[in-house]
Structures are given as structure tokens and as C-alpha cells.
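Structure first, then comments.
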Amino acid sequence: MYIIDYFYKKPTVDKGDHLEIEGINREDYATSQYKEMVNPIVLTKPTAVLYAGGVGISQSESRDVTKVADRYAGTVPYQESKMLIKEISAFNMHRWIGDMANNENVVYANVNHNSCSSSMYCVYEAERLLNSGEVDEVIVIAEERTSFNTIRIFKEHFIPLIVSDALAVVRFGREGTIEVTDSKWKYQWNRNPFGTTKSGYAMVDSEADTVKPHGTGTNNNNEAEEDLVAGRSSVYYKPEIGHSQGASALLEICMTIDDSNISGDVLCVASGLGGFYGSCVLHK
């Protein structure tokens, strides 16, 4: 499949415990602000829309977090709930589609919550939808705005990560100038839900000149990615832009396209809480 068009916003403002996209209001809802950054999307063919929702919280297990708001206080305050529907991913996907011209051409849609690998799964799903002939184009939308809980989860588990905002919108089709192939998606159970392994990454390896690893910089992930990057050049973006959770894979694919220091075939890799591993090969 090919990338027809893409747009992204990466964080540029360092707040200490997270990185922000400049100008994003932390109190207003994020989706409405992100949609204003993107030029109107006009649909002309049968299209799938895939929304990368990042880390999902089970409604069966969700709890009131006000009692821990002070314990994990940081630069992002705990926000009190207003209209619940505005917090539901399906509603936010619906809003994105609602702003698309000729949105009657959307014949397939899906929301993904495969944690930090969410948008990589969307790339995997996009390739299969296009290969099946079910649609002619796929639009993947990945948005992430650092919340109180985003910072909280890594504090609770003593994981030294700087998290961040991100927005990426990519339109895929069967023709274009930037080819993406060999998308893979695998699962490997681990006693540590945050853990990654060499064998897990080996399942989504492909031949390429350069590797863009998941690259969180933690000791566990550095060791797990050793074989993946061995003998090949590699590029890491999270030291610059932080970890934007479910949007990170799509954002970093876009950054790889624009990186003038990279050419040839690039293996882009992602992993996620729970045991998810995914990849694709970007041809530059």
C-alpha cells in the first residue's frame, strides 16, 4: 500500500514531566482542538477510518481517581468529568468522520486500544483492508494528549518515561509515492505486562536498511531491541519528542518520511502494554 497524504504535529514544549504540542489547552477537550489543525478531509472513494485511541480503560474496572489526585500531582492537573460522551473514543472517531466532506463514503470504521502500539495495529489493519478490496482508501487518525493518568501510570510503576502529546493523520491507498509493506502484528504473553523481549521483537522483524525501534530507552526495552538493531543503522525519536503512547508509531512513521538523513527501506517497530508487537517497512 502507499501513503497518499499525511499530517502530524509533534510536541515542542517541555513541561518537565511531559512534552506538549504548543497552543493546546489542557482544560478544553483535545479532539476538537486537533481537528482544527488538519485541512478539511475530502473523501472521493470507499474509505475506512481507523481511530487509534491509545490506552483504553475497561469500563468494568474504571474507578474514581480523585483520592489519588494529590499523590500523583504533576504539571497536568486532574480534570473533573463533564459530559461523559466526550470521553468515549467512539464519539471522538464519530466527530472526525463528521467533519469529512462526502463522509457517506466511509464504509468501514474501527477504534483501536492496543496501548502504545495502537496506531501500528491500524497500519496493519489498513494494509489488509486495502489488499482485500473492501475499500479503496484508509485514513488512520492517532491523537494523544497527555493526561493526569498518562503520567500517573508510569509513576505508579516507577518507569522513567517522559510522555507527550501527538497528532498524526495518514491517508493510505493503492497508489502513491511512499510505499509501506510487510506490516506485521504479533502477540507474546509476558509475566510483566510492561515487559518486552528479544523473541517478541523477532516475530515482527523484516529485512531493511534502517530500523526505527519502539525505542523507549528503558533498560528492559533497550536489551529487548539489541538483536533487532544489530548490524543495521537505527534512528530514535523518543529522546526528542517523548513517548506519545498510542499515537507514537504513526507519528514516528511520519517523522521518518521527513527525515532527510534516512533513505532506503526502514523497519518501523512498535510494542505495547500487554504483549503487543507490530511493525511495517517504509520505503524511501
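Chain labels A, B, ... are given in the sequence in which chains occur in the C-alpha cells; within each chain residues are numbered consecutively from 1, and ligands are likewise numbered from 1 in the order shown.
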
- request: Excluding segment 271-282 of chain A and residues on its chain fewer than 3 positions from it, collect all residues at most 6 Å away from it, counting only C-alpha atoms, and give them as a ChimeraX atom specification.
  value: /A:115-117,180-189,193-194,204,265-268

- prompt: Can you tell me, as a PyMOL selection string, what residues are no more than 10 Å from Glu104 of chain A when counting only C-alpha atoms, ignoring any on the same chain fewer than 5 positions away?
  reply: chain A and resi 43-47+97-98

message: Let me make sure I understand: among A:Tyr78, A:Tyr51, A:Phe154, A:Tyr72, which one has the smallest atom-to-atom distance to Ala126 of chain A if we use only C-alpha atoms?
response: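 So, comparing all the options, the nearest one is A:Tyr51.
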
- prompt: Which one of A:Ser118, A:Thr256, A:Ser234, A:Thr75 sits closest to Arg152 of chain A if you count only C-alpha atoms?
  reply: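 Residue with the minimum atom-to-atom distance to Arg152 of chain A: A:Thr75.
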
message: Just checking: using only C-alpha atoms, which residue out of A:Ala30, A:Ile253, A:Val163, A:Val235 ends up closest to Met120 of chain A?
response: A:Ile253

query: Which polymer residues have any atom within 7 Å of an atom of Tyr201 of chain A, counting only C-alpha atoms, with same-chain residues fewer than 3 positions away left out, as a PyMOL selection string?
result: chain A and resi 197-198+204-205+225+228+277

- request: Identify, with DSSP run on backbone atoms, the residues in segment 143-202 of chain A assigned to strand (DSSP E or B), and express the list as a PyMOL selection string.
  value: chain A and resi 143-144+163-164+166-173+178-187

For the residues selected in the previous step, produce a file with N, CA and C atoms as a PDB file, in the first residue's frame.
ATOM      1  N   GLU A 143      -4.433  10.380  17.890  1.00  0.00           N
ATOM      2  CA  GLU A 143      -4.280  11.599  18.682  1.00  0.00           C
ATOM      3  C   GLU A 143      -4.011  11.224  20.137  1.00  0.00           C
ATOM      4  N   GLU A 144      -3.165  12.002  20.757  1.00  0.00           N
ATOM      5  CA  GLU A 144      -2.799  11.747  22.152  1.00  0.00           C
ATOM      6  C   GLU A 144      -2.535  13.083  22.827  1.00  0.00           C
ATOM      7  N   VAL A 163       6.396  11.405  28.843  1.00  0.00           N
ATOM      8  CA  VAL A 163       5.271  11.195  27.922  1.00  0.00           C
ATOM      9  C   VAL A 163       4.969  12.491  27.181  1.00  0.00           C
ATOM     10  N   SER A 164       4.141  12.387  26.139  1.00  0.00           N
ATOM     11  CA  SER A 164       3.970  13.564  25.291  1.00  0.00           C
ATOM     12  C   SER A 164       2.663  13.548  24.514  1.00  0.00           C
ATOM     13  N   ALA A 166       0.627  14.172  20.827  1.00  0.00           N
ATOM     14  CA  ALA A 166       0.906  13.899  19.415  1.00  0.00           C
ATOM     15  C   ALA A 166      -0.380  13.893  18.616  1.00  0.00           C
ATOM     16  N   LEU A 167      -0.253  14.228  17.346  1.00  0.00           N
ATOM     17  CA  LEU A 167      -1.344  14.098  16.389  1.00  0.00           C
ATOM     18  C   LEU A 167      -0.752  13.627  15.068  1.00  0.00           C
ATOM     19  N   ALA A 168      -1.349  12.605  14.477  1.00  0.00           N
ATOM     20  CA  ALA A 168      -0.923  12.144  13.153  1.00  0.00           C
ATOM     21  C   ALA A 168      -2.153  11.661  12.393  1.00  0.00           C
ATOM     22  N   VAL A 169      -2.258  12.073  11.145  1.00  0.00           N
ATOM     23  CA  VAL A 169      -3.342  11.651  10.262  1.00  0.00           C
ATOM     24  C   VAL A 169      -2.701  11.215   8.950  1.00  0.00           C
ATOM     25  N   VAL A 170      -2.927   9.979   8.536  1.00  0.00           N
ATOM     26  CA  VAL A 170      -2.312   9.439   7.327  1.00  0.00           C
ATOM     27  C   VAL A 170      -3.395   8.809   6.459  1.00  0.00           C
ATOM     28  N   ARG A 171      -3.350   9.139   5.152  1.00  0.00           N
ATOM     29  CA  ARG A 171      -4.264   8.537   4.186  1.00  0.00           C
ATOM     30  C   ARG A 171      -3.496   7.507   3.359  1.00  0.00           C
ATOM     31  N   PHE A 172      -3.971   6.266   3.383  1.00  0.00           N
ATOM     32  CA  PHE A 172      -3.355   5.176   2.642  1.00  0.00           C
ATOM     33  C   PHE A 172      -4.217   4.794   1.440  1.00  0.00           C
ATOM     34  N   GLY A 173      -3.557   4.339   0.366  1.00  0.00           N
ATOM     35  CA  GLY A 173      -4.270   3.840  -0.808  1.00  0.00           C
ATOM     36  C   GLY A 173      -3.409   2.843  -1.565  1.00  0.00           C
ATOM     37  N   ILE A 178       4.953   6.991  -1.584  1.00  0.00           N
ATOM     38  CA  ILE A 178       5.633   6.438  -0.409  1.00  0.00           C
ATOM     39  C   ILE A 178       5.006   5.081  -0.105  1.00  0.00           C
ATOM     40  N   GLU A 179       5.765   4.028  -0.335  1.00  0.00           N
ATOM     41  CA  GLU A 179       5.207   2.690  -0.172  1.00  0.00           C
ATOM     42  C   GLU A 179       5.446   2.160   1.250  1.00  0.00           C
ATOM     43  N   VAL A 180       4.446   1.466   1.774  1.00  0.00           N
ATOM     44  CA  VAL A 180       4.535   0.778   3.070  1.00  0.00           C
ATOM     45  C   VAL A 180       4.148  -0.676   2.836  1.00  0.00           C
ATOM     46  N   THR A 181       5.013  -1.602   3.254  1.00  0.00           N
ATOM     47  CA  THR A 181       4.756  -3.027   3.041  1.00  0.00           C
ATOM     48  C   THR A 181       5.044  -3.817   4.310  1.00  0.00           C
ATOM     49  N   ASP A 182       4.777  -5.105   4.225  1.00  0.00           N
ATOM     50  CA  ASP A 182       5.199  -6.069   5.255  1.00  0.00           C
ATOM     51  C   ASP A 182       4.744  -5.708   6.652  1.00  0.00           C
ATOM     52  N   SER A 183       3.536  -5.173   6.785  1.00  0.00           N
ATOM     53  CA  SER A 183       3.035  -4.892   8.131  1.00  0.00           C
ATOM     54  C   SER A 183       2.808  -6.209   8.869  1.00  0.00           C
ATOM     55  N   LYS A 184       3.197  -6.229  10.121  1.00  0.00           N
ATOM     56  CA  LYS A 184       3.079  -7.443  10.941  1.00  0.00           C
ATOM     57  C   LYS A 184       2.466  -7.098  12.288  1.00  0.00           C
ATOM     58  N   TRP A 185       1.792  -8.097  12.849  1.00  0.00           N
ATOM     59  CA  TRP A 185       1.182  -7.933  14.179  1.00  0.00           C
ATOM     60  C   TRP A 185       1.271  -9.259  14.908  1.00  0.00           C
ATOM     61  N   LYS A 186       1.899  -9.260  16.080  1.00  0.00           N
ATOM     62  CA  LYS A 186       2.081 -10.482  16.846  1.00  0.00           C
ATOM     63  C   LYS A 186       1.809 -10.218  18.332  1.00  0.00           C
ATOM     64  N   TYR A 187       1.620 -11.315  19.046  1.00  0.00           N
ATOM     65  CA  TYR A 187       1.388 -11.229  20.486  1.00  0.00           C
ATOM     66  C   TYR A 187       2.270 -12.240  21.201  1.00  0.00           C
TER      67      TYR A 187
END

Best match for closeness to Tyr237 of chain A among A:Lys10, A:Arg174, A:Lys82, A:Arg191, counting only C-alpha atoms: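 Ranking A:Lys10, A:Arg174, A:Lys82, A:Arg191 by distance to Tyr237 of chain A, first place goes to A:Lys10.
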
Distance query Thr177 of chain A at most 8 Å, only C-alpha atoms, self and fewer than 2 positions along chain excluded, as a ChimeraX atom specification: /A:2-4,175,179

Every residue of segment 42-143 of chain A that DSSP places in helix (DSSP H, G or I), as JSON, numbers by chain: {"A": [66, 67, 68, 84, 85, 86, 87, 89, 90, 91, 92, 93, 94, 95, 96, 97, 98, 103, 104, 105, 115, 116, 117, 118, 119, 120, 121, 122, 123, 124, 125, 126, 127, 128, 129, 130, 131, 132]}

Top pick for closest residue to Tyr34 of chain A, considering A:Lys155, A:His283, A:His214, A:Arg145 and counting only C-alpha atoms: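 When distances to Tyr34 of chain A are compared using only C-alpha atoms, the smallest one comes from A:Arg145.
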
message: Using only C-alpha atoms, which protein or nucleic acid residues come within 12 Å of Gln59 of chain A? Drop anything in the same chain fewer than 5 positions from it, and give the result as JSON, numbers by chain.
response: {"A": [64, 87, 88]}

- request: Kindly give the distance, in Å, that separates atom CA of Gln79 of chain A and atom CA of Ile24 of chain A, rounded to a single decimal.
  value: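 Value for the atom CA of Gln79 of chain A-atom CA of Ile24 of chain A distance: 15.0 Å.
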